Amino acid sequence: MAQYRHEWKHEINLSDRIAIRQRLRAAAKPDEHARDGRYWIRSLYFDTLGDKALREKLDGVNRREKFRIRYYNGDTSRIHLEKKSKRNGLGTKFQSPLTAAEAQAILDGDWAWMPDSGRPLVQEFYCKLKSQGLRPKTIVDYTREPFVFAPGNVRVTLDYNIRTGLRCTDFLNPRCVTIPAGNSPTILEVKWDAFLPAVIQDAIQLNGRHAAAFSKYAVCRIYD
């Protein structure tokens, strides 16, 4: 059974980011996988010919999903296929590991190995590549500063330097050129299970800011 979690997203500016970072350092712990408090993420998003995932996001459809392939800090020895699902304002994520060779095979349209992979998410992705016509759309790069707080299973991230690969889908090529995705803000994202502790609410408090449905994938499609 999927565990759906609460999610908030806020668009913030540089001074907000500096203030929240300082408060979070006092209240929470940096994610153990971060290097010097941050890491770099590269994702490749998939969508249909009619951009179903993009349109459902922009239209605020209540039940929706999207697929992506992702790796961190340029390390292609650890790649994940991910499916993000939203329902009634709550979100969940499913993951499955991929080798670099498997990721490249997907991009090359070599899918024959997927039904026998023994990985349910890979098998589901294969079915949707075939039935929905999912295809790679764009690379999304950004820097993330992650914090965790055990009570409530809270995760807070500050995402910035969002860059788009335009129509480039050469996901494993470190020399693939990306450009800034317009004047994209810093994104403060908060996820938690049953409750959000007061100490975290205080740390992320901002006057005049409201939760917003920001999508890195959507903002990186602005040049299509």
# chains A, B, ... in the order shown; residues from 1 in each chain; ligands from 1
$ residues_around --residues "Val190 of chain A" --least-positions-apart "4" --cutoff "6 Å" --atoms "only C-alpha atoms" --output "PDB file with N, CA, C and O atoms, in the first residue's frame"
ATOM      1  N   GLU A   7       2.331  17.505   1.303  1.00  0.00           N
ATOM      2  CA  GLU A   7       3.365  18.264   0.606  1.00  0.00           C
ATOM      3  C   GLU A   7       2.973  19.734   0.523  1.00  0.00           C
ATOM      4  O   GLU A   7       1.835  20.054   0.191  1.00  0.00           O
ATOM      5  N   TRP A   8       3.931  20.602   0.846  1.00  0.00           N
ATOM      6  CA  TRP A   8       3.795  22.038   0.620  1.00  0.00           C
ATOM      7  C   TRP A   8       4.928  22.480  -0.278  1.00  0.00           C
ATOM      8  O   TRP A   8       6.069  22.034  -0.125  1.00  0.00           O
ATOM      9  N   ARG A 155      10.698  16.098   5.856  1.00  0.00           N
ATOM     10  CA  ARG A 155      11.810  16.401   4.947  1.00  0.00           C
ATOM     11  C   ARG A 155      11.562  17.781   4.347  1.00  0.00           C
ATOM     12  O   ARG A 155      10.485  18.036   3.791  1.00  0.00           O
ATOM     13  N   VAL A 156      12.539  18.662   4.495  1.00  0.00           N
ATOM     14  CA  VAL A 156      12.447  20.022   3.955  1.00  0.00           C
ATOM     15  C   VAL A 156      13.585  20.203   2.962  1.00  0.00           C
ATOM     16  O   VAL A 156      14.738  19.869   3.263  1.00  0.00           O
TER      17      VAL A 156
END
$ select_by_dssp --residues "segment 5-223 of chain A" --states "strand (DSSP E)" --output "PyMOL selection string"
chain A and resi 5-12+29-30+39-47+63-72+75-87+90-98+135-149+154-164+179-180+186-192
$ select_by_dssp --residues "segment 6-165 of chain A" --states "alpha helix (DSSP H)" --output "PyMOL selection string"
chain A and resi 14-27+52-59+100-107+120-131
$ residues_around --residues "segment 102-114 of chain A" --least-positions-apart "3" --cutoff "7 Å" --atoms "only C-alpha atoms" --output "ChimeraX atom specification"
/A:98-99,117,122-123,126
$ closest_atom_pairs --of "segment 103-189 of chain A" --to "segment 68-79 of chain A" --cutoff "9 Å" --atoms "only C-alpha atoms" --output "tab-separated table"
residue	atom	partner	partner_atom	distance
A:Ala103	CA	A:Ile69	CA	7.8
A:Pro136	CA	A:Arg68	CA	8.5
A:Phe171	CA	A:Ile69	CA	8.7
A:Leu172	CA	A:Thr76	CA	7.2
A:Pro174	CA	A:Gly74	CA	7.3
$ write_last_selection --atoms "C-alpha atoms" --output "compact mmCIF listing (two decimals), in the first residue's frame"
# COMPACT_ATOMS: atom_id res chain seq x y z
CA ALA A 103 18.76 3.87 -18.81
CA PRO A 136 11.65 11.57 -22.96
CA PHE A 171 20.63 12.21 -20.04
CA LEU A 172 23.94 10.45 -19.38
CA PRO A 174 27.78 15.30 -18.62
$ residues_around --residues "Ala218 of chain A" --least-positions-apart "2" --cutoff "9 Å" --atoms "only C-alpha atoms" --output "list in words"
Leu54, Arg55, Lys57, Leu58, Phe214, Ser215, Lys216, Cys220, Arg221 and Ile222 of chain A
$ write_last_selection --atoms "all heavy atoms" --output "PDB file, in the first residue's frame"
ATOM      1  N   LEU A  54       2.130  17.169 -18.236  1.00  0.00           N
ATOM      2  CA  LEU A  54       2.264  18.623 -18.139  1.00  0.00           C
ATOM      3  C   LEU A  54       0.907  19.296 -18.033  1.00  0.00           C
ATOM      4  O   LEU A  54       0.691  20.162 -17.174  1.00  0.00           O
ATOM      5  CB  LEU A  54       3.023  19.144 -19.361  1.00  0.00           C
ATOM      6  CG  LEU A  54       3.195  20.656 -19.453  1.00  0.00           C
ATOM      7  CD1 LEU A  54       3.977  21.198 -18.283  1.00  0.00           C
ATOM      8  CD2 LEU A  54       3.875  21.033 -20.777  1.00  0.00           C
ATOM      9  N   ARG A  55      -0.033  18.912 -18.884  1.00  0.00           N
ATOM     10  CA  ARG A  55      -1.346  19.545 -18.879  1.00  0.00           C
ATOM     11  C   ARG A  55      -2.110  19.261 -17.588  1.00  0.00           C
ATOM     12  O   ARG A  55      -2.790  20.143 -17.053  1.00  0.00           O
ATOM     13  CB  ARG A  55      -2.146  19.080 -20.096  1.00  0.00           C
ATOM     14  CG  ARG A  55      -1.564  19.581 -21.414  1.00  0.00           C
ATOM     15  CD  ARG A  55      -2.339  19.086 -22.621  1.00  0.00           C
ATOM     16  NE  ARG A  55      -1.716  19.524 -23.863  1.00  0.00           N
ATOM     17  CZ  ARG A  55      -1.845  20.727 -24.391  1.00  0.00           C
ATOM     18  NH1 ARG A  55      -2.607  21.627 -23.790  1.00  0.00           N
ATOM     19  NH2 ARG A  55      -1.237  21.043 -25.522  1.00  0.00           N
ATOM     20  N   LYS A  57      -0.822  18.719 -14.675  1.00  0.00           N
ATOM     21  CA  LYS A  57      -0.215  19.536 -13.623  1.00  0.00           C
ATOM     22  C   LYS A  57      -0.716  20.973 -13.701  1.00  0.00           C
ATOM     23  O   LYS A  57      -1.131  21.566 -12.701  1.00  0.00           O
ATOM     24  CB  LYS A  57       1.306  19.491 -13.752  1.00  0.00           C
ATOM     25  CG  LYS A  57       2.041  20.436 -12.829  1.00  0.00           C
ATOM     26  CD  LYS A  57       1.823  20.079 -11.373  1.00  0.00           C
ATOM     27  CE  LYS A  57       2.611  20.988 -10.456  1.00  0.00           C
ATOM     28  NZ  LYS A  57       2.427  20.656  -9.028  1.00  0.00           N
ATOM     29  N   LEU A  58      -0.678  21.547 -14.897  1.00  0.00           N
ATOM     30  CA  LEU A  58      -1.093  22.939 -15.058  1.00  0.00           C
ATOM     31  C   LEU A  58      -2.578  23.131 -14.760  1.00  0.00           C
ATOM     32  O   LEU A  58      -2.987  24.183 -14.266  1.00  0.00           O
ATOM     33  CB  LEU A  58      -0.777  23.409 -16.477  1.00  0.00           C
ATOM     34  CG  LEU A  58       0.711  23.458 -16.847  1.00  0.00           C
ATOM     35  CD1 LEU A  58       0.886  23.855 -18.310  1.00  0.00           C
ATOM     36  CD2 LEU A  58       1.474  24.416 -15.942  1.00  0.00           C
ATOM     37  N   PHE A 214       4.053  24.731  -7.819  1.00  0.00           N
ATOM     38  CA  PHE A 214       5.192  24.936  -8.718  1.00  0.00           C
ATOM     39  C   PHE A 214       5.695  23.592  -9.230  1.00  0.00           C
ATOM     40  O   PHE A 214       5.786  22.622  -8.478  1.00  0.00           O
ATOM     41  CB  PHE A 214       6.320  25.659  -7.980  1.00  0.00           C
ATOM     42  CG  PHE A 214       7.480  26.031  -8.858  1.00  0.00           C
ATOM     43  CD1 PHE A 214       7.530  27.265  -9.471  1.00  0.00           C
ATOM     44  CD2 PHE A 214       8.520  25.144  -9.068  1.00  0.00           C
ATOM     45  CE1 PHE A 214       8.601  27.623 -10.285  1.00  0.00           C
ATOM     46  CE2 PHE A 214       9.587  25.479  -9.874  1.00  0.00           C
ATOM     47  CZ  PHE A 214       9.631  26.726 -10.480  1.00  0.00           C
ATOM     48  N   SER A 215       6.036  23.533 -10.500  1.00  0.00           N
ATOM     49  CA  SER A 215       6.548  22.310 -11.109  1.00  0.00           C
ATOM     50  C   SER A 215       7.841  22.609 -11.843  1.00  0.00           C
ATOM     51  O   SER A 215       7.861  23.426 -12.770  1.00  0.00           O
ATOM     52  CB  SER A 215       5.527  21.723 -12.091  1.00  0.00           C
ATOM     53  OG  SER A 215       6.126  20.732 -12.907  1.00  0.00           O
ATOM     54  N   LYS A 216       8.940  21.950 -11.439  1.00  0.00           N
ATOM     55  CA  LYS A 216      10.210  22.138 -12.148  1.00  0.00           C
ATOM     56  C   LYS A 216      10.081  21.640 -13.576  1.00  0.00           C
ATOM     57  O   LYS A 216      10.648  22.226 -14.503  1.00  0.00           O
ATOM     58  CB  LYS A 216      11.332  21.408 -11.422  1.00  0.00           C
ATOM     59  CG  LYS A 216      11.572  21.875  -9.998  1.00  0.00           C
ATOM     60  CD  LYS A 216      12.704  21.097  -9.365  1.00  0.00           C
ATOM     61  CE  LYS A 216      12.754  21.302  -7.873  1.00  0.00           C
ATOM     62  NZ  LYS A 216      11.656  20.609  -7.166  1.00  0.00           N
ATOM     63  N   CYS A 220      10.576  24.014 -16.919  1.00  0.00           N
ATOM     64  CA  CYS A 220      11.643  23.669 -17.849  1.00  0.00           C
ATOM     65  C   CYS A 220      11.103  23.327 -19.243  1.00  0.00           C
ATOM     66  O   CYS A 220      11.881  23.077 -20.161  1.00  0.00           O
ATOM     67  CB  CYS A 220      12.458  22.497 -17.308  1.00  0.00           C
ATOM     68  SG  CYS A 220      13.582  22.992 -15.975  1.00  0.00           S
ATOM     69  N   ARG A 221       9.782  23.375 -19.430  1.00  0.00           N
ATOM     70  CA  ARG A 221       9.208  23.196 -20.756  1.00  0.00           C
ATOM     71  C   ARG A 221       8.810  24.529 -21.400  1.00  0.00           C
ATOM     72  O   ARG A 221       8.202  24.527 -22.476  1.00  0.00           O
ATOM     73  CB  ARG A 221       7.952  22.305 -20.650  1.00  0.00           C
ATOM     74  CG  ARG A 221       8.203  20.842 -20.254  1.00  0.00           C
ATOM     75  CD  ARG A 221       8.875  20.034 -21.343  1.00  0.00           C
ATOM     76  NE  ARG A 221       8.158  20.111 -22.613  1.00  0.00           N
ATOM     77  CZ  ARG A 221       7.073  19.362 -22.916  1.00  0.00           C
ATOM     78  NH1 ARG A 221       6.614  18.484 -22.047  1.00  0.00           N
ATOM     79  NH2 ARG A 221       6.493  19.489 -24.087  1.00  0.00           N
ATOM     80  N   ILE A 222       9.193  25.651 -20.793  1.00  0.00           N
ATOM     81  CA  ILE A 222       8.700  26.934 -21.269  1.00  0.00           C
ATOM     82  C   ILE A 222       9.244  27.300 -22.636  1.00  0.00           C
ATOM     83  O   ILE A 222       8.665  28.155 -23.309  1.00  0.00           O
ATOM     84  CB  ILE A 222       9.037  28.075 -20.263  1.00  0.00           C
ATOM     85  CG1 ILE A 222      10.547  28.193 -20.065  1.00  0.00           C
ATOM     86  CG2 ILE A 222       8.324  27.858 -18.945  1.00  0.00           C
ATOM     87  CD1 ILE A 222      10.958  29.350 -19.172  1.00  0.00           C
TER      88      ILE A 222
END
$ closest_residue --among "A:Lys128, A:Ile18, A:Ile204, A:Ala101" --to "Lys66 of chain A" --atoms "only C-alpha atoms"
A:Lys128
$ atom_distance --atom1 "atom CA of Ser15 of chain A" --atom2 "atom CA of Val154 of chain A"
23.1 Å
$ residues_around --residues "Val148 of chain A" --least-positions-apart "4" --cutoff "12 Å" --atoms "only C-alpha atoms" --output "NGL selection string"
:A and (24-34 or 37 or 152-158 or 189-192 or 196-197 or 200)
$ write_last_selection --atoms "N, CA, C and O atoms" --output "compact mmCIF listing (two decimals), in the first residue's frame"
# COMPACT_ATOMS: atom_id res chain seq x y z
N LEU A 24 16.70 26.28 9.79
CA LEU A 24 16.66 24.82 9.66
C LEU A 24 17.93 24.17 10.21
O LEU A 24 17.87 23.07 10.78
N ARG A 25 19.06 24.82 10.05
CA ARG A 25 20.29 24.26 10.60
C ARG A 25 20.23 24.14 12.12
O ARG A 25 20.86 23.26 12.70
N ALA A 26 19.46 25.03 12.75
CA ALA A 26 19.31 24.97 14.21
C ALA A 26 18.26 23.96 14.64
O ALA A 26 18.35 23.39 15.73
N ALA A 27 17.26 23.71 13.77
CA ALA A 27 16.12 22.88 14.18
C ALA A 27 16.18 21.45 13.65
O ALA A 27 15.63 20.53 14.27
N ALA A 28 16.81 21.24 12.51
CA ALA A 28 16.78 19.93 11.86
C ALA A 28 18.21 19.50 11.53
O ALA A 28 19.18 20.17 11.89
N LYS A 29 18.32 18.37 10.85
CA LYS A 29 19.63 17.84 10.46
C LYS A 29 19.75 17.83 8.94
O LYS A 29 18.77 17.55 8.25
N PRO A 30 20.94 18.08 8.41
CA PRO A 30 21.13 17.93 6.97
C PRO A 30 20.95 16.45 6.58
O PRO A 30 21.29 15.56 7.35
N ASP A 31 20.43 16.20 5.41
CA ASP A 31 20.34 14.84 4.89
C ASP A 31 21.74 14.25 4.82
O ASP A 31 22.69 14.89 4.38
N GLU A 32 21.88 13.00 5.27
CA GLU A 32 23.20 12.38 5.34
C GLU A 32 23.85 12.17 3.97
O GLU A 32 25.06 11.97 3.86
N HIS A 33 23.05 12.21 2.91
CA HIS A 33 23.60 12.01 1.56
C HIS A 33 24.12 13.30 0.93
O HIS A 33 24.75 13.26 -0.13
N ALA A 34 23.88 14.44 1.58
CA ALA A 34 24.33 15.71 1.02
C ALA A 34 25.82 15.90 1.24
O ALA A 34 26.41 15.40 2.21
N GLY A 37 26.20 19.97 2.68
CA GLY A 37 24.84 20.45 2.86
C GLY A 37 23.98 20.49 1.62
O GLY A 37 22.82 20.92 1.69
N GLY A 152 7.39 13.10 12.88
CA GLY A 152 6.56 13.44 11.73
C GLY A 152 7.17 13.01 10.41
O GLY A 152 6.58 13.22 9.35
N ASN A 153 8.40 12.43 10.46
CA ASN A 153 9.10 12.02 9.24
C ASN A 153 9.15 13.18 8.25
O ASN A 153 8.76 13.06 7.08
N VAL A 154 9.65 14.31 8.72
CA VAL A 154 9.64 15.55 7.95
C VAL A 154 10.89 15.64 7.06
O VAL A 154 12.00 15.30 7.50
N ARG A 155 10.70 16.10 5.86
CA ARG A 155 11.81 16.40 4.95
C ARG A 155 11.56 17.78 4.35
O ARG A 155 10.49 18.04 3.79
N VAL A 156 12.54 18.66 4.50
CA VAL A 156 12.45 20.02 3.96
C VAL A 156 13.59 20.20 2.96
O VAL A 156 14.74 19.87 3.26
N THR A 157 13.28 20.72 1.78
CA THR A 157 14.32 20.95 0.78
C THR A 157 14.24 22.37 0.24
O THR A 157 13.16 22.95 0.13
N LEU A 158 15.41 22.90 -0.10
CA LEU A 158 15.54 24.18 -0.78
C LEU A 158 16.15 23.88 -2.15
O LEU A 158 17.29 23.42 -2.24
N GLU A 189 10.26 23.19 -0.29
CA GLU A 189 9.32 22.07 -0.32
C GLU A 189 9.35 21.36 1.03
O GLU A 189 10.43 21.08 1.57
N VAL A 190 8.19 21.08 1.58
CA VAL A 190 8.06 20.44 2.88
C VAL A 190 7.17 19.21 2.73
O VAL A 190 6.07 19.31 2.17
N LYS A 191 7.65 18.06 3.23
CA LYS A 191 6.88 16.82 3.19
C LYS A 191 6.85 16.22 4.59
O LYS A 191 7.85 16.23 5.30
N TRP A 192 5.68 15.68 4.95
CA TRP A 192 5.54 15.06 6.27
C TRP A 192 4.41 14.04 6.25
O TRP A 192 3.62 14.01 5.31
N LEU A 196 2.95 17.97 11.23
CA LEU A 196 4.11 18.82 11.00
C LEU A 196 4.46 19.49 12.32
O LEU A 196 3.71 20.34 12.81
N PRO A 197 5.59 19.13 12.94
CA PRO A 197 5.94 19.67 14.25
C PRO A 197 6.06 21.19 14.26
O PRO A 197 6.47 21.80 13.26
N ILE A 200 9.32 22.94 13.19
CA ILE A 200 9.55 23.06 11.75
C ILE A 200 8.65 24.13 11.17
O ILE A 200 9.07 24.92 10.30
$ atom_distance --atom1 "atom CA of Ala150 of chain A" --atom2 "atom CA of Leu121 of chain A"
27.9 Å
$ atom_distance --atom1 "atom CA of Tyr217 of chain A" --atom2 "atom CA of Gln132 of chain A"
18.7 Å
$ residues_around --residues "segment 182-184 of chain A" --least-positions-apart "2" --cutoff "9 Å" --atoms "only C-alpha atoms" --output "PyMOL selection string"
chain A and resi 11+160-163+179-180+186-187+216+219-220+222
